[in-house]
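Working notes, beginning with the structure itself.
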Amino acid sequence: MLLLAAATQTGLLTQLEQALPPAPDPSCLPLAGSSTVRRHLLLTLLFLGAVGLQRTWDLRGYTADGLALLTDRTHAYGYRYTEAFLSQVARTDGTERFTDALACWATHLWHPTAAAAEAEHPHYLQALTCYLDGHRKPVYSDVLLPRGLVGRLGVVLGCRALLLLHDTQGHPLFVTTHRGDQHLTVGVPAFLERYEQQTGNRQITRMIVDREGMATEFLASLHAEGRRVVTILRTNQYRDLSSFADVGTFVPLSTDTHGQLIREVAPARISLPRDDHPDEPLCLQVALIRDLRRRVPVQPDPEEEPYPSRWDSDLLLDERAWWREGWQATAAPAKETMAKLIPIVTTQETPPIDAIELAQTYIHRWPAQENVIKDYLLPLGLDTNHGFAKVAVENSEIAKRRTHLEQRLSHLKQWAQSAGKRERLASKRRERLRKEFKSRSDELYRELGLYQTTLELQGMADYVLRRQIKERQVIIDAELEQIRAKEWRAYEQCNQEFRKQERYCKEQREVLRALEDLAEKERTMYELDHRKDQVMTVCKVALANLAMWTRDQYFPPSYAHATWRRLLPFFQLPGTITHDATTIQVQLSPFNDRTLNRDLALLCERVNQASPRLPDGRLLSFTIRSTCCILPAQKHHQIP
């Protein structure tokens, strides 16, 4: 059955042959060999995964005939020759050529309707809806590599980062390889521009991306380019229904097997602030899903409840005496919960969205992309690394920490200088106020003494004199107290700024120590050469497309969602091949399962009706070998 896949790859093989770079040295084999040799080597790389081989190294122990049959040879190529070809393709700009050829071939394979429209309208653009996701491929190495979170493992490891583009039917259209620490939002703009440049009059007008693409500036830039982006809000960007505006009526979205409603959805809107453009918030339309199966605690409003309530506030006064002997505890009140919200957002402005369609579009990301990666690309060896050549680069992890510490050190120096300046000004102000207090105090009490002398000379009674002096003294003390309070505030500010300056100077020493420790612990970071790995990734994605195309064209309708592992027994089915100048007849051995044999018979019928031809023009037909196995014990019971 692998011949059936080979019969469908004529267009792909032509694209890859045209993408092969010229040999830098005419005497350098195998790239400088004949066109037939290059074609056989291309087929070898393309169908490695189809025969269960993960990398070229596995060819050392490969003795089967499947790969030789697919490459139209007596025996399959060995490891050294194939690896030399792969290395030459990677070193001579073959990686970029193969990547562009994959985008062009896969897009025309699954979306060929634009050809006629392009002929009639030269400026025709075919709008595409695509799913975009990142995939991190772990790399285990003794040296430090750019790292990233490998989702399926749940750990941060050295890795390669892949960007994958799928259409709405789950067909992989494009793939690129990058450093493991590259964020999805950084690589997407160049990724989309390159894809559209290679595929001609096709434009991704609607893009569905997971939570990693939920960045306001990223969404705003794509929206400015005329793209509609669908993604999901992060949990720290909303609190509850009050975070959304114009919330519509909730309508049923999905039910369980018993017909009970489990999810409902409503349209809404939300505005997200932008740090770079505070006056221009990002307005998004929302399909607000409410999952009735999952309950989450209601978050209290900090404005309404600024202080947490006591643990026994729900009890009566006589029941709160927990310190008394014989006190009986009662169950705490149940926490208020609400249905979990799942906000699916889009940058589409008008017309008003269909909340059900938007929610289903995002939910379709799992079968259209996540399952395709799991069911096709990973079994074909997507996580297998090819080529570990590396060069020393700047340690991005240490550079981030060093930049942070250097910025902190710069701020601490500025803060220490400012605190010292404020401390000196406060000290001068305190000294001025102290002198002002002393001079004013001497002046007022001198006037008080003269006033007392004047009253005594007037012969005023002693009790009246004392009362007048005390009243005047209260007035003097009030005036002096104001000056003393200013002096005290200046003194406190002086001490406060002095302590700040001391703390900043102390932190400067700690930051400098951290910088020295960082320099001592710094390890050289190496960036992997992704060229060989990208070439093999292109071959695996192309093979996945071939398998999907063969499944859709020839397999029974019950195999419409079949995975690679379900199709593999058909592709590896043994048989006998007879051929002449015009026809290749394949006689397949049946399965040991009646259902599979029924599917195989229907498959052969559909193939013979389609009459596929191999690249050399010969007609390909399939039949099933008829076998009638009689066990020795059954011979005695046969009817004569």
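A note on labels: chains of the structure tokens are A, B, ... as shown, every chain counts residues from 1, and ligands are counted from 1 in their shown order.
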
* Write down as number ranges by chain the residues belonging to range 274-488 of chain A that are assigned strand (DSSP E or B) by DSSP computed on the backbone. => A: 282-297, 337-346, 390-393

* **Distance query Lys335 in chain A at most 12 Å, only C-alpha atoms, self and fewer than 5 positions along chain excluded, as a ChimeraX atom specification** => /A:295-300

* To do: List the neighbours of range 546-552 of chain A out to 12 Å using only C-alpha atoms; skip same-chain residues closer than 6 positions along the sequence, and give me the result as a PyMOL selection string.
  => chain A and resi 1-13+46-47+49-50+102+105-106+109-110+169-173+372+375-377+380+539-540+558-568+570-571+603+606-607+610+612

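Interatomic distance, CA of Leu67 in chain A to CA of Gln534 in chain A: 21.6 Å.
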
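Distance check against Asp517 in chain A using only C-alpha atoms: of A:Arg401, A:Arg294, A:Arg324, A:Arg365, the minimum falls on A:Arg401.
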
* Asked: Hey, can you check how far CA of Leu128 in chain A sits from CA of Gln360 in chain A?
  ->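 Interatomic distance here is 17.2 Å.
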
* **Contacts of Phe85 in chain A within 9 Å, only C-alpha atoms, excl. fewer than 6 positions in-chain, as a PyMOL selection string** => chain A and resi 29-31+38+41-42

N, CA and C atoms of the current selection, written as a compact mmCIF listing (two decimals), in the first residue's frame:
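Written out: out_30.txt:
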# COMPACT_ATOMS: atom_id res chain seq x y z
N LEU A 29 29.86 14.35 -4.39
CA LEU A 29 28.68 13.48 -4.35
C LEU A 29 28.16 13.41 -2.92
N PRO A 30 26.88 13.12 -2.75
CA PRO A 30 25.87 12.69 -3.72
C PRO A 30 25.05 13.84 -4.34
N LEU A 31 25.18 15.08 -3.80
CA LEU A 31 24.36 16.17 -4.32
C LEU A 31 24.66 16.47 -5.78
N ARG A 38 19.54 11.85 -7.18
CA ARG A 38 18.97 12.85 -6.27
C ARG A 38 17.52 12.54 -5.96
N LEU A 41 17.37 9.72 -3.46
CA LEU A 41 17.74 10.18 -2.12
C LEU A 41 16.63 11.02 -1.50
N LEU A 42 15.98 11.83 -2.31
CA LEU A 42 14.84 12.59 -1.80
C LEU A 42 13.74 11.66 -1.31

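Candidate residues A:Arg472, A:Leu48, A:Asn545, A:Ser589 were compared for distance to Leu70 in chain A, and the nearest is A:Leu48, using only C-alpha atoms.
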
* Asked: Any idea what's packed within 10 Å of Tyr195 in chain A, counting only C-alpha atoms, ignoring anything in its chain fewer than 6 positions away? Could you give it as a list in words?
  ->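 Contacts, with the query itself left out: Thr99, Asp100, Leu102, Ala103, Cys104, Thr107, Leu165, Leu173, Phe174, Val175, Arg202, Gln203 and Ile204 of chain A.
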
* Got a sec to tell me which of range 119-333 of chain A DSSP assigns to helix (DSSP H, G or I), as JSON, numbers by chain? -> {"A": [119, 120, 184, 185, 186, 187, 188, 189, 190, 191, 192, 193, 194, 195, 196, 197, 198, 199, 211, 212, 213, 216, 217, 218, 219, 220, 221, 222, 223, 224, 235, 236, 237, 241, 242, 243, 317, 318, 319]}

Give me the residues within 7 Å of Leu163 in chain A as a JSON list (two decimals) with N, CA, C and O atoms, in the first residue's frame, counting only C-alpha atoms and dropping any in the same chain fewer than 4 places off.
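Wrote around-v4.json, looks like this:
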[["chain", "number", "residue", "atom", "x", "y", "z"],
["A", 133, "ASP", "N", 0.15, 27.43, 15.91],
["A", 133, "ASP", "CA", 0.55, 26.98, 17.25],
["A", 133, "ASP", "C", 2.05, 26.76, 17.27],
["A", 133, "ASP", "O", 2.69, 26.58, 16.23],
["A", 134, "GLY", "N", 2.58, 26.80, 18.45],
["A", 134, "GLY", "CA", 4.00, 26.50, 18.66],
["A", 134, "GLY", "C", 4.16, 25.12, 19.27],
["A", 134, "GLY", "O", 3.29, 24.64, 20.01],
["A", 135, "HIS", "N", 5.25, 24.46, 18.93],
["A", 135, "HIS", "CA", 5.55, 23.14, 19.48],
["A", 135, "HIS", "C", 7.03, 23.12, 19.85],
["A", 135, "HIS", "O", 7.88, 23.51, 19.04],
["A", 175, "VAL", "N", 5.77, 24.99, 8.24],
["A", 175, "VAL", "CA", 6.47, 24.77, 9.50],
["A", 175, "VAL", "C", 7.85, 25.40, 9.43],
["A", 175, "VAL", "O", 8.50, 25.38, 8.38],
["A", 176, "THR", "N", 8.28, 26.00, 10.52],
["A", 176, "THR", "CA", 9.64, 26.55, 10.64],
["A", 176, "THR", "C", 10.19, 26.19, 12.00],
["A", 176, "THR", "O", 9.44, 25.89, 12.94],
["A", 177, "THR", "N", 11.52, 26.23, 12.12],
["A", 177, "THR", "CA", 12.21, 25.85, 13.36],
["A", 177, "THR", "C", 13.01, 27.05, 13.86],
["A", 177, "THR", "O", 13.66, 27.74, 13.09]]

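Picture a line from CA of Arg269 in chain A to CA of Leu233 in chain A; it runs 12.1 Å.
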
* Structure fact -> One residue among A:Val464, A:Leu272, A:Ala419, A:Ile373 is nearest to Cys494 in chain A when using only C-alpha atoms, and that residue is A:Ala419

Please provide as an mmCIF file with N, CA and C atoms, in the first residue's frame all residues within 9 Å of Lys500 in chain A, with the sequence filter that same-chain residues fewer than 4 positions apart are discarded (counting only C-alpha atoms).
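File produced: selection18.cif:
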data_model
loop_
_atom_site.group_PDB
_atom_site.id
_atom_site.type_symbol
_atom_site.label_atom_id
_atom_site.label_comp_id
_atom_site.auth_asym_id
_atom_site.auth_seq_id
_atom_site.Cartn_x
_atom_site.Cartn_y
_atom_site.Cartn_z
ATOM 1 N N TRP A 415 18.696 56.691 43.049
ATOM 2 C CA TRP A 415 17.911 56.880 44.269
ATOM 3 C C TRP A 415 18.797 57.300 45.439
ATOM 4 N N ALA A 416 19.997 56.725 45.543
ATOM 5 C CA ALA A 416 20.914 57.107 46.627
ATOM 6 C C ALA A 416 21.334 58.564 46.493
ATOM 7 N N ALA A 419 18.331 60.675 47.437
ATOM 8 C CA ALA A 419 18.109 60.648 48.885
ATOM 9 C C ALA A 419 19.153 61.480 49.612
ATOM 10 N N GLY A 420 20.416 61.408 49.163
ATOM 11 C CA GLY A 420 21.455 62.234 49.777
ATOM 12 C C GLY A 420 21.185 63.711 49.582
ATOM 13 N N ASN A 495 16.454 62.261 58.868
ATOM 14 C CA ASN A 495 16.780 60.896 59.300
ATOM 15 C C ASN A 495 16.235 59.852 58.311
ATOM 16 N N GLN A 496 15.024 60.104 57.820
ATOM 17 C CA GLN A 496 14.409 59.161 56.882
ATOM 18 C C GLN A 496 15.216 59.063 55.596
ATOM 19 N N TYR A 504 19.915 52.110 50.180
ATOM 20 C CA TYR A 504 20.257 52.041 48.761
ATOM 21 C C TYR A 504 21.728 51.683 48.570
ATOM 22 N N CYS A 505 22.585 52.230 49.393
ATOM 23 C CA CYS A 505 24.006 51.888 49.284
ATOM 24 C C CYS A 505 24.250 50.426 49.637
#

* Structure fact -> Between A:Ala334, A:Leu253, A:Leu358, A:Ala266, smallest distance to Arg228 in chain A by only C-alpha atoms belongs to A:Leu358
